[in-house]
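Student: My structure is stored as run_33.cif, with mmCIF, N, CA and C atoms and all ligand atoms.
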```
data_input
#
loop_
_atom_site.label_atom_id
_atom_site.label_comp_id
_atom_site.auth_asym_id
_atom_site.auth_seq_id
_atom_site.Cartn_x
_atom_site.Cartn_y
_atom_site.Cartn_z
N MET A 72 97.04 67.74 109.49
CA MET A 72 98.23 68.36 108.89
C MET A 72 98.43 69.73 109.50
N SER A 73 99.61 69.97 110.01
CA SER A 73 99.83 71.28 110.64
C SER A 73 100.81 72.10 109.82
N HIS A 74 100.55 73.38 109.83
CA HIS A 74 101.42 74.32 109.14
C HIS A 74 101.95 75.28 110.19
N VAL A 75 103.25 75.44 110.22
CA VAL A 75 103.87 76.27 111.24
C VAL A 75 104.72 77.34 110.56
N CYS A 76 104.63 78.56 111.09
CA CYS A 76 105.56 79.60 110.63
C CYS A 76 106.01 80.41 111.83
N SER A 77 107.10 81.11 111.70
CA SER A 77 107.69 81.80 112.86
C SER A 77 106.96 83.08 113.21
N SER A 78 106.41 83.76 112.20
CA SER A 78 106.04 85.16 112.41
C SER A 78 104.75 85.56 111.72
N LEU A 79 104.26 86.68 112.16
CA LEU A 79 103.20 87.38 111.44
C LEU A 79 103.70 88.78 111.18
N LEU A 80 103.52 89.25 109.96
CA LEU A 80 103.88 90.62 109.61
C LEU A 80 102.61 91.40 109.35
N MET A 81 102.39 92.44 110.16
CA MET A 81 101.25 93.32 109.96
C MET A 81 101.76 94.65 109.42
N HIS A 82 101.29 95.01 108.24
CA HIS A 82 101.78 96.23 107.62
C HIS A 82 100.64 96.91 106.89
N CYS A 83 100.92 98.06 106.30
CA CYS A 83 99.89 98.81 105.59
C CYS A 83 99.65 98.19 104.21
N MET A 84 98.45 98.39 103.71
CA MET A 84 98.11 97.83 102.40
C MET A 84 98.73 98.62 101.25
N ASP A 85 99.31 99.78 101.54
CA ASP A 85 99.80 100.72 100.52
C ASP A 85 100.62 100.03 99.42
N PHE A 86 100.19 100.19 98.19
CA PHE A 86 100.84 99.52 97.05
C PHE A 86 102.29 99.95 96.85
N ARG A 87 102.64 101.15 97.34
CA ARG A 87 104.01 101.64 97.12
C ARG A 87 105.05 100.74 97.76
N PHE A 88 104.60 99.95 98.74
CA PHE A 88 105.48 99.06 99.47
C PHE A 88 105.79 97.75 98.81
N GLY A 89 105.01 97.38 97.81
CA GLY A 89 105.08 96.01 97.27
C GLY A 89 106.47 95.41 97.28
N GLN A 90 107.39 96.04 96.56
CA GLN A 90 108.74 95.47 96.47
C GLN A 90 109.50 95.65 97.77
N ALA A 91 109.31 96.79 98.43
CA ALA A 91 110.04 97.06 99.68
C ALA A 91 109.69 96.02 100.75
N ILE A 92 108.43 95.64 100.81
CA ILE A 92 108.02 94.63 101.79
C ILE A 92 108.68 93.28 101.46
N LYS A 93 108.72 92.96 100.18
CA LYS A 93 109.36 91.70 99.78
C LYS A 93 110.85 91.72 100.15
N ASP A 94 111.50 92.87 99.92
CA ASP A 94 112.92 92.99 100.26
C ASP A 94 113.13 92.87 101.77
N PHE A 95 112.26 93.54 102.52
CA PHE A 95 112.34 93.48 103.99
C PHE A 95 112.21 92.04 104.46
N MET A 96 111.20 91.36 103.95
CA MET A 96 110.95 89.97 104.37
C MET A 96 112.12 89.08 104.00
N SER A 97 112.68 89.33 102.85
CA SER A 97 113.82 88.54 102.42
C SER A 97 115.02 88.77 103.35
N GLN A 98 115.28 90.03 103.68
CA GLN A 98 116.40 90.36 104.58
C GLN A 98 116.24 89.76 105.97
N LYS A 99 114.98 89.67 106.41
CA LYS A 99 114.70 89.16 107.76
C LYS A 99 114.41 87.66 107.76
N ASN A 100 114.64 87.02 106.64
CA ASN A 100 114.34 85.59 106.50
C ASN A 100 112.90 85.25 106.83
N LEU A 101 112.00 86.11 106.41
CA LEU A 101 110.58 85.90 106.69
C LEU A 101 109.81 85.37 105.47
N MET A 102 110.47 85.34 104.34
CA MET A 102 109.78 84.90 103.13
C MET A 102 109.31 83.46 103.32
N ASN A 103 108.04 83.23 103.09
CA ASN A 103 107.41 81.91 103.26
C ASN A 103 107.49 81.41 104.71
N ASP A 104 107.74 82.33 105.65
CA ASP A 104 107.78 81.96 107.06
C ASP A 104 106.97 82.96 107.89
N ALA A 105 106.07 83.70 107.25
CA ALA A 105 105.29 84.69 107.98
C ALA A 105 103.89 84.82 107.38
N ASP A 106 102.91 84.81 108.27
CA ASP A 106 101.57 85.22 107.85
C ASP A 106 101.63 86.71 107.59
N MET A 107 100.79 87.17 106.67
CA MET A 107 100.82 88.59 106.31
C MET A 107 99.44 89.20 106.44
N VAL A 108 99.38 90.31 107.16
CA VAL A 108 98.13 91.06 107.31
C VAL A 108 98.40 92.46 106.80
N ALA A 109 97.62 92.88 105.83
CA ALA A 109 97.78 94.23 105.27
C ALA A 109 96.49 95.01 105.49
N MET A 110 96.60 96.07 106.27
CA MET A 110 95.44 96.92 106.55
C MET A 110 95.88 98.38 106.49
N ALA A 111 95.02 99.22 105.92
CA ALA A 111 95.34 100.65 105.87
C ALA A 111 95.63 101.17 107.26
N GLY A 112 96.82 101.72 107.45
CA GLY A 112 97.18 102.27 108.76
C GLY A 112 97.80 101.27 109.72
N SER A 113 97.85 100.02 109.36
CA SER A 113 98.49 98.97 110.16
C SER A 113 98.20 99.07 111.66
N ALA A 114 99.15 99.55 112.48
CA ALA A 114 98.99 99.57 113.94
C ALA A 114 97.79 100.38 114.40
N LYS A 115 97.39 101.33 113.59
CA LYS A 115 96.22 102.15 113.93
C LYS A 115 95.01 101.27 114.18
N ASN A 116 94.92 100.16 113.47
CA ASN A 116 93.78 99.26 113.61
C ASN A 116 93.76 98.53 114.95
N LEU A 117 94.92 98.41 115.58
CA LEU A 117 94.97 97.82 116.92
C LEU A 117 94.64 98.86 117.98
N VAL A 118 95.10 100.07 117.76
CA VAL A 118 94.89 101.15 118.74
C VAL A 118 93.44 101.63 118.71
N ASN A 119 92.84 101.65 117.53
CA ASN A 119 91.47 102.14 117.38
C ASN A 119 90.47 101.09 117.91
N PRO A 120 89.67 101.45 118.93
CA PRO A 120 88.72 100.47 119.49
C PRO A 120 87.73 99.92 118.46
N GLU A 121 87.44 100.68 117.42
CA GLU A 121 86.46 100.24 116.42
C GLU A 121 86.98 99.10 115.55
N THR A 122 88.29 99.03 115.37
CA THR A 122 88.85 97.99 114.49
C THR A 122 89.73 97.00 115.26
N ARG A 123 89.90 97.23 116.55
CA ARG A 123 90.84 96.43 117.35
C ARG A 123 90.53 94.94 117.32
N ASP A 124 89.25 94.59 117.51
CA ASP A 124 88.91 93.18 117.61
C ASP A 124 89.28 92.43 116.32
N PHE A 125 89.01 93.08 115.20
CA PHE A 125 89.35 92.44 113.92
C PHE A 125 90.86 92.24 113.80
N ALA A 126 91.61 93.27 114.16
CA ALA A 126 93.07 93.19 114.05
C ALA A 126 93.64 92.13 115.00
N LEU A 127 93.12 92.11 116.23
CA LEU A 127 93.60 91.10 117.19
C LEU A 127 93.23 89.69 116.73
N LYS A 128 92.08 89.57 116.10
CA LYS A 128 91.63 88.26 115.62
C LYS A 128 92.62 87.67 114.60
N GLN A 129 93.20 88.55 113.77
CA GLN A 129 94.17 88.07 112.79
C GLN A 129 95.38 87.46 113.49
N ILE A 130 95.79 88.09 114.58
CA ILE A 130 96.93 87.59 115.35
C ILE A 130 96.57 86.26 116.02
N GLU A 131 95.35 86.22 116.57
CA GLU A 131 94.90 84.99 117.25
C GLU A 131 94.85 83.82 116.26
N ILE A 132 94.34 84.07 115.08
CA ILE A 132 94.25 83.01 114.06
C ILE A 132 95.65 82.54 113.67
N SER A 133 96.56 83.47 113.48
CA SER A 133 97.93 83.12 113.12
C SER A 133 98.57 82.26 114.20
N LYS A 134 98.36 82.67 115.45
CA LYS A 134 98.94 81.97 116.60
C LYS A 134 98.34 80.56 116.73
N THR A 135 97.04 80.47 116.58
CA THR A 135 96.35 79.19 116.73
C THR A 135 96.67 78.24 115.58
N LEU A 136 96.60 78.73 114.37
CA LEU A 136 96.78 77.86 113.20
C LEU A 136 98.23 77.57 112.89
N HIS A 137 99.10 78.56 113.12
CA HIS A 137 100.47 78.44 112.64
C HIS A 137 101.53 78.55 113.73
N SER A 138 101.07 78.56 114.99
CA SER A 138 101.99 78.61 116.14
C SER A 138 102.98 79.76 116.06
N THR A 139 102.51 80.88 115.56
CA THR A 139 103.35 82.07 115.41
C THR A 139 103.95 82.52 116.74
N LYS A 140 105.24 82.86 116.71
CA LYS A 140 105.92 83.27 117.94
C LYS A 140 106.25 84.77 117.96
N THR A 141 106.40 85.34 116.77
CA THR A 141 106.85 86.73 116.68
C THR A 141 105.90 87.53 115.80
N ILE A 142 105.55 88.72 116.28
CA ILE A 142 104.74 89.64 115.49
C ILE A 142 105.63 90.80 115.05
N HIS A 143 105.72 91.01 113.76
CA HIS A 143 106.40 92.19 113.23
C HIS A 143 105.31 93.20 112.87
N LEU A 144 105.32 94.30 113.59
CA LEU A 144 104.29 95.31 113.41
C LEU A 144 104.93 96.55 112.78
N MET A 145 104.41 96.95 111.64
CA MET A 145 105.07 98.00 110.87
C MET A 145 104.13 99.16 110.54
N ASN A 146 104.58 100.35 110.81
CA ASN A 146 103.93 101.56 110.31
C ASN A 146 104.85 102.23 109.30
N HIS A 147 104.32 103.19 108.56
CA HIS A 147 105.18 103.90 107.62
C HIS A 147 104.80 105.37 107.55
N THR A 148 105.76 106.18 107.17
CA THR A 148 105.51 107.62 107.03
C THR A 148 104.64 107.88 105.80
N ASP A 149 104.03 109.03 105.78
CA ASP A 149 103.14 109.42 104.68
C ASP A 149 102.05 108.39 104.44
N CYS A 150 101.48 107.89 105.54
CA CYS A 150 100.48 106.82 105.46
C CYS A 150 99.09 107.41 105.29
N GLY A 151 98.43 107.00 104.22
CA GLY A 151 97.06 107.46 103.96
C GLY A 151 96.10 107.10 105.09
N GLY A 152 96.36 105.99 105.75
CA GLY A 152 95.52 105.57 106.87
C GLY A 152 95.55 106.56 108.02
N TYR A 153 96.62 107.36 108.06
CA TYR A 153 96.76 108.41 109.08
C TYR A 153 96.50 109.80 108.50
N GLY A 154 96.06 109.84 107.26
CA GLY A 154 95.80 111.14 106.63
C GLY A 154 96.99 111.70 105.87
N GLY A 155 98.04 110.90 105.74
CA GLY A 155 99.23 111.34 105.00
C GLY A 155 100.10 112.29 105.80
N ARG A 156 101.21 112.71 105.18
CA ARG A 156 102.15 113.63 105.84
C ARG A 156 101.47 114.92 106.27
N GLN A 157 100.55 115.38 105.40
CA GLN A 157 99.91 116.68 105.64
C GLN A 157 99.02 116.71 106.87
N ALA A 158 98.74 115.53 107.44
CA ALA A 158 97.91 115.48 108.66
C ALA A 158 98.69 115.91 109.89
N PHE A 159 100.02 116.07 109.75
CA PHE A 159 100.87 116.37 110.90
C PHE A 159 101.54 117.73 110.74
N ALA A 160 101.77 118.38 111.89
CA ALA A 160 102.39 119.70 111.89
C ALA A 160 103.79 119.64 111.30
N ASP A 161 104.53 118.59 111.65
CA ASP A 161 105.89 118.43 111.13
C ASP A 161 106.32 116.96 111.23
N GLU A 162 107.54 116.71 110.77
CA GLU A 162 108.06 115.35 110.71
C GLU A 162 108.10 114.70 112.09
N GLN A 163 108.48 115.50 113.09
CA GLN A 163 108.58 114.96 114.45
C GLN A 163 107.20 114.54 114.98
N ALA A 164 106.18 115.35 114.70
CA ALA A 164 104.82 115.03 115.16
C ALA A 164 104.34 113.74 114.50
N GLU A 165 104.65 113.57 113.22
CA GLU A 165 104.27 112.35 112.51
C GLU A 165 105.01 111.14 113.10
N TYR A 166 106.30 111.31 113.32
CA TYR A 166 107.11 110.23 113.89
C TYR A 166 106.57 109.81 115.26
N ASP A 167 106.27 110.82 116.09
CA ASP A 167 105.78 110.54 117.45
C ASP A 167 104.45 109.78 117.41
N LYS A 168 103.57 110.16 116.52
CA LYS A 168 102.26 109.49 116.43
C LYS A 168 102.42 108.06 115.93
N LEU A 169 103.20 107.89 114.86
CA LEU A 169 103.34 106.55 114.26
C LEU A 169 104.04 105.59 115.22
N THR A 170 105.08 106.07 115.91
CA THR A 170 105.80 105.19 116.82
C THR A 170 105.01 105.02 118.13
N GLY A 171 104.28 106.05 118.53
CA GLY A 171 103.43 105.95 119.72
C GLY A 171 102.37 104.88 119.54
N ASP A 172 101.75 104.87 118.37
CA ASP A 172 100.74 103.84 118.08
C ASP A 172 101.36 102.45 118.04
N LEU A 173 102.55 102.35 117.49
CA LEU A 173 103.23 101.04 117.46
C LEU A 173 103.44 100.52 118.88
N LYS A 174 103.90 101.40 119.77
CA LYS A 174 104.18 100.98 121.15
C LYS A 174 102.89 100.61 121.89
N GLU A 175 101.85 101.40 121.66
CA GLU A 175 100.57 101.11 122.29
C GLU A 175 100.02 99.77 121.78
N ALA A 176 100.16 99.55 120.49
CA ALA A 176 99.67 98.29 119.90
C ALA A 176 100.45 97.10 120.46
N ARG A 177 101.77 97.29 120.66
CA ARG A 177 102.57 96.20 121.24
C ARG A 177 102.06 95.84 122.63
N GLU A 178 101.72 96.86 123.41
CA GLU A 178 101.18 96.59 124.75
C GLU A 178 99.88 95.81 124.69
N LEU A 179 99.01 96.19 123.75
CA LEU A 179 97.72 95.50 123.61
C LEU A 179 97.95 94.03 123.26
N ILE A 180 98.93 93.77 122.41
CA ILE A 180 99.20 92.39 122.00
C ILE A 180 99.79 91.59 123.17
N THR A 181 100.78 92.18 123.85
CA THR A 181 101.45 91.41 124.91
C THR A 181 100.59 91.29 126.16
N ASP A 182 99.64 92.22 126.35
CA ASP A 182 98.67 92.05 127.44
C ASP A 182 97.86 90.77 127.23
N GLN A 183 97.50 90.55 125.98
CA GLN A 183 96.66 89.39 125.65
C GLN A 183 97.48 88.11 125.52
N TRP A 184 98.67 88.22 124.93
CA TRP A 184 99.51 87.05 124.71
C TRP A 184 100.95 87.36 125.16
N PRO A 185 101.21 87.21 126.46
CA PRO A 185 102.55 87.56 126.97
C PRO A 185 103.68 86.73 126.35
N ASP A 186 103.33 85.60 125.76
CA ASP A 186 104.36 84.74 125.17
C ASP A 186 104.78 85.20 123.77
N LEU A 187 104.07 86.12 123.19
CA LEU A 187 104.45 86.61 121.87
C LEU A 187 105.53 87.67 121.95
N GLU A 188 106.49 87.58 121.05
CA GLU A 188 107.48 88.64 120.91
C GLU A 188 106.95 89.62 119.86
N VAL A 189 107.00 90.90 120.17
CA VAL A 189 106.50 91.90 119.22
C VAL A 189 107.65 92.82 118.81
N LYS A 190 107.96 92.84 117.54
CA LYS A 190 109.00 93.74 117.01
C LYS A 190 108.34 94.86 116.23
N LEU A 191 108.82 96.07 116.49
CA LEU A 191 108.22 97.26 115.88
C LEU A 191 109.13 97.83 114.80
N TRP A 192 108.50 98.26 113.71
CA TRP A 192 109.24 98.82 112.58
C TRP A 192 108.55 100.07 112.08
N LEU A 193 109.37 101.04 111.71
CA LEU A 193 108.85 102.21 111.01
C LEU A 193 109.56 102.27 109.66
N CYS A 194 108.76 102.27 108.61
CA CYS A 194 109.32 102.43 107.27
C CYS A 194 109.22 103.90 106.88
N LYS A 195 110.38 104.50 106.65
CA LYS A 195 110.41 105.90 106.24
C LYS A 195 110.48 105.97 104.72
N ILE A 196 109.45 106.56 104.15
CA ILE A 196 109.40 106.71 102.70
C ILE A 196 110.00 108.05 102.34
N GLY A 197 110.97 108.01 101.46
CA GLY A 197 111.61 109.24 101.01
C GLY A 197 111.67 109.31 99.50
N GLN A 198 112.38 110.28 99.00
CA GLN A 198 112.56 110.46 97.56
C GLN A 198 114.04 110.66 97.28
N ALA A 199 114.51 110.01 96.25
CA ALA A 199 115.88 110.24 95.78
C ALA A 199 115.92 110.01 94.28
N ASP A 200 116.39 110.98 93.56
CA ASP A 200 116.47 110.89 92.09
C ASP A 200 115.14 110.50 91.47
N GLY A 201 114.06 111.09 91.97
CA GLY A 201 112.74 110.83 91.41
C GLY A 201 112.17 109.46 91.74
N GLN A 202 112.87 108.71 92.58
CA GLN A 202 112.40 107.38 92.97
C GLN A 202 112.05 107.38 94.46
N SER A 203 111.06 106.59 94.83
CA SER A 203 110.76 106.43 96.24
C SER A 203 111.83 105.56 96.90
N THR A 204 112.20 105.92 98.12
CA THR A 204 113.14 105.12 98.88
C THR A 204 112.43 104.63 100.15
N PHE A 205 112.87 103.51 100.65
CA PHE A 205 112.24 102.91 101.83
C PHE A 205 113.33 102.51 102.82
N ALA A 206 113.28 103.12 104.01
CA ALA A 206 114.25 102.80 105.05
C ALA A 206 113.50 102.25 106.26
N PHE A 207 113.90 101.07 106.69
CA PHE A 207 113.22 100.42 107.80
C PHE A 207 114.00 100.65 109.09
N GLU A 208 113.32 101.26 110.05
CA GLU A 208 113.94 101.57 111.33
C GLU A 208 113.27 100.72 112.41
N THR A 209 114.08 100.09 113.25
CA THR A 209 113.52 99.33 114.35
C THR A 209 113.17 100.30 115.48
N ILE A 210 112.03 100.09 116.09
CA ILE A 210 111.57 100.95 117.18
C ILE A 210 111.61 100.14 118.47
N GLU A 211 112.29 100.67 119.47
CA GLU A 211 112.41 99.94 120.76
C GLU A 211 111.21 100.21 121.64
ZN ZN B 1 99.75 103.36 104.82
#
```
Can the structure from this file be put into structure tokens for me?

Tutor:
Amino acid sequence: MSHVCSSLLMHCMDFRFGQAIKDFMSQKNLMNDADMVAMAGSAKNLVNPETRDFALKQIEISKTLHSTKTIHLMNHTDCGGYGGRQAFADEQAEYDKLTGDLKEARELITDQWPDLEVKLWLCKIGQADGQSTFAFETIE
């Protein structure tokens, strides 16, 4: 019996995302069509040599078991895996690091599996009227 899905979504484990991730998946038609990997810091685990093998293994398993074609790789602002907002001098420095890691992680994935499509996302967490807001930006 084979189970096939189109995608794998790798994102941070951060609980603040719970509903936002569901909304994102729904908008992208990924609900029940994507393997899900949640790790603190998401793309950081691919870039970091100490955790890379584990992170790549999740992709390999998804590809082997479920014939996954697309990897959605997501980082987010104010990520505890990166030390939070306070770990960066300013918003631009945080943006550069988070998107830089996403791009580096994409290269690591496509070096190993050139047939995989890798889509990059940055979720910007903000505040409005005392509520957290989540804006998903595609990174080229
Ligand atoms: Zn996080």

Student: I'd like to know which residues of chain A are alpha helix (DSSP H) (by DSSP, run on the backbone); could you write them as a ChimeraX atom specification?

Tutor: /A:89-98,115-118,123-137,162-183

Student: Show me which residues line ligand ZN 1 (chain B), defined as having an atom within 5 Å of a ligand atom where all atoms listed in the file count, and present them as JSON, numbers by chain.

Tutor: {"A": [83, 85, 112, 150, 151, 152]}

Student: Listing only residues of stretch 95-164 of chain A within 8 Å of stretch 180-189 of chain A, what is the closest atom pair and its distance in Å (to one decimal) for each, using only N, CA and C atoms, sorted by chain and residue number ascending, as CSV?

Tutor:
```
residue,atom,partner,partner_atom,distance
A:Leu117,CA,A:Ile180,N,7.9
A:Leu127,CA,A:Ile180,CA,7.5
A:Thr139,C,A:Leu187,CA,6.6
A:Lys140,C,A:Glu188,N,4.2
A:Thr141,CA,A:Glu188,C,4.3
A:Ile142,N,A:Glu188,C,3.9
A:His143,N,A:Val189,CA,5.6
A:Leu144,N,A:Val189,C,5.9
```

Student: Which distance in Å separates atom CA of A:Met96 and atom C of A:Leu193, to one decimal?

Tutor: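 Going from atom CA of A:Met96 over to atom C of A:Leu193 covers 13.5 Å.
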
Student: Suppose you want the space between atom CA of A:His74 and atom CA of A:His137; what is it in Å?

Tutor: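 Going from atom CA of A:His74 over to atom CA of A:His137, I get 5.5 Å.
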
Student: Smallest atom-to-atom distance to A:Ile210: which of A:Arg123, A:His147, A:Arg156, A:Lys174, using only C-alpha atoms?

Tutor: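 Once distances to A:Ile210 are computed over only C-alpha atoms, the minimum belongs to A:Lys174.
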
Student: Quick one: of A:Thr170, A:Asn119, A:Thr204, A:Asn146, who's nearest to A:His82, counting all atoms listed in the file?

Tutor: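 Closest to A:His82 of all the choices is A:Asn146.
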
Student: Quick one, how far is atom C of A:Phe88 from atom C of A:Glu162?

Tutor: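 Value for the atom C of A:Phe88-atom C of A:Glu162 distance: 21.7 Å.
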
Student: Neighbours of A:Lys115 within 7 Å (only N, CA and C atoms; same-chain residues fewer than 5 positions away dropped), as a short mmCIF file (atom, residue, chain, number, x, y, z; two decimals) with N, CA and C atoms, in the frame of the given file?

Tutor:
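Produced file part_34.cif, reproduced below:
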```cif
data_model
loop_
_atom_site.label_atom_id
_atom_site.label_comp_id
_atom_site.auth_asym_id
_atom_site.auth_seq_id
_atom_site.Cartn_x
_atom_site.Cartn_y
_atom_site.Cartn_z
N THR A 122 88.29 99.03 115.37
CA THR A 122 88.85 97.99 114.49
C THR A 122 89.73 97.00 115.26
N ARG A 123 89.90 97.23 116.55
CA ARG A 123 90.84 96.43 117.35
C ARG A 123 90.53 94.94 117.32
N ASP A 172 101.75 104.87 118.37
CA ASP A 172 100.74 103.84 118.08
C ASP A 172 101.36 102.45 118.04
N LEU A 173 102.55 102.35 117.49
CA LEU A 173 103.23 101.04 117.46
C LEU A 173 103.44 100.52 118.88
#
```

Student: Give the strand (DSSP E or B) residues of stretch 79-160 of chain A, as DSSP finds them on the backbone, and put them as a VMD selection string.

Tutor: chain A and resid 79 to 82 105 to 109 141 to 147

Student: Using the selection just defined, write its residues with N, CA and C atoms as an mmCIF file, in the coordinates of the input.

Tutor:
```
data_model
loop_
_atom_site.group_PDB
_atom_site.id
_atom_site.type_symbol
_atom_site.label_atom_id
_atom_site.label_comp_id
_atom_site.auth_asym_id
_atom_site.auth_seq_id
_atom_site.Cartn_x
_atom_site.Cartn_y
_atom_site.Cartn_z
ATOM 1 N N LEU A 79 104.260 86.680 112.160
ATOM 2 C CA LEU A 79 103.200 87.380 111.440
ATOM 3 C C LEU A 79 103.700 88.780 111.180
ATOM 4 N N LEU A 80 103.520 89.250 109.960
ATOM 5 C CA LEU A 80 103.880 90.620 109.610
ATOM 6 C C LEU A 80 102.610 91.400 109.350
ATOM 7 N N MET A 81 102.390 92.440 110.160
ATOM 8 C CA MET A 81 101.250 93.320 109.960
ATOM 9 C C MET A 81 101.760 94.650 109.420
ATOM 10 N N HIS A 82 101.290 95.010 108.240
ATOM 11 C CA HIS A 82 101.780 96.230 107.620
ATOM 12 C C HIS A 82 100.640 96.910 106.890
ATOM 13 N N ALA A 105 106.070 83.700 107.250
ATOM 14 C CA ALA A 105 105.290 84.690 107.980
ATOM 15 C C ALA A 105 103.890 84.820 107.380
ATOM 16 N N ASP A 106 102.910 84.810 108.270
ATOM 17 C CA ASP A 106 101.570 85.220 107.850
ATOM 18 C C ASP A 106 101.630 86.710 107.590
ATOM 19 N N MET A 107 100.790 87.170 106.670
ATOM 20 C CA MET A 107 100.820 88.590 106.310
ATOM 21 C C MET A 107 99.440 89.200 106.440
ATOM 22 N N VAL A 108 99.380 90.310 107.160
ATOM 23 C CA VAL A 108 98.130 91.060 107.310
ATOM 24 C C VAL A 108 98.400 92.460 106.800
ATOM 25 N N ALA A 109 97.620 92.880 105.830
ATOM 26 C CA ALA A 109 97.780 94.230 105.270
ATOM 27 C C ALA A 109 96.490 95.010 105.490
ATOM 28 N N THR A 141 106.400 85.340 116.770
ATOM 29 C CA THR A 141 106.850 86.730 116.680
ATOM 30 C C THR A 141 105.900 87.530 115.800
ATOM 31 N N ILE A 142 105.550 88.720 116.280
ATOM 32 C CA ILE A 142 104.740 89.640 115.490
ATOM 33 C C ILE A 142 105.630 90.800 115.050
ATOM 34 N N HIS A 143 105.720 91.010 113.760
ATOM 35 C CA HIS A 143 106.400 92.190 113.230
ATOM 36 C C HIS A 143 105.310 93.200 112.870
ATOM 37 N N LEU A 144 105.320 94.300 113.590
ATOM 38 C CA LEU A 144 104.290 95.310 113.410
ATOM 39 C C LEU A 144 104.930 96.550 112.780
ATOM 40 N N MET A 145 104.410 96.950 111.640
ATOM 41 C CA MET A 145 105.070 98.000 110.870
ATOM 42 C C MET A 145 104.130 99.160 110.540
ATOM 43 N N ASN A 146 104.580 100.350 110.810
ATOM 44 C CA ASN A 146 103.930 101.560 110.310
ATOM 45 C C ASN A 146 104.850 102.230 109.300
ATOM 46 N N HIS A 147 104.320 103.190 108.560
ATOM 47 C CA HIS A 147 105.180 103.900 107.620
ATOM 48 C C HIS A 147 104.800 105.370 107.550
#
```

Student: Select, from A:Leu191, A:Leu169, A:Val108, A:Ala206, the residue with the minimum atom-to-atom distance to A:Ser133, counting only C-alpha atoms.

Tutor: A:Val108

Student: Counting only C-alpha atoms, which of A:Ile132, A:Val75, A:Ile196, A:Leu179 gets nearest to A:Tyr166?

Tutor: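 The shortest atom-to-atom distance to A:Tyr166 comes from A:Ile196.
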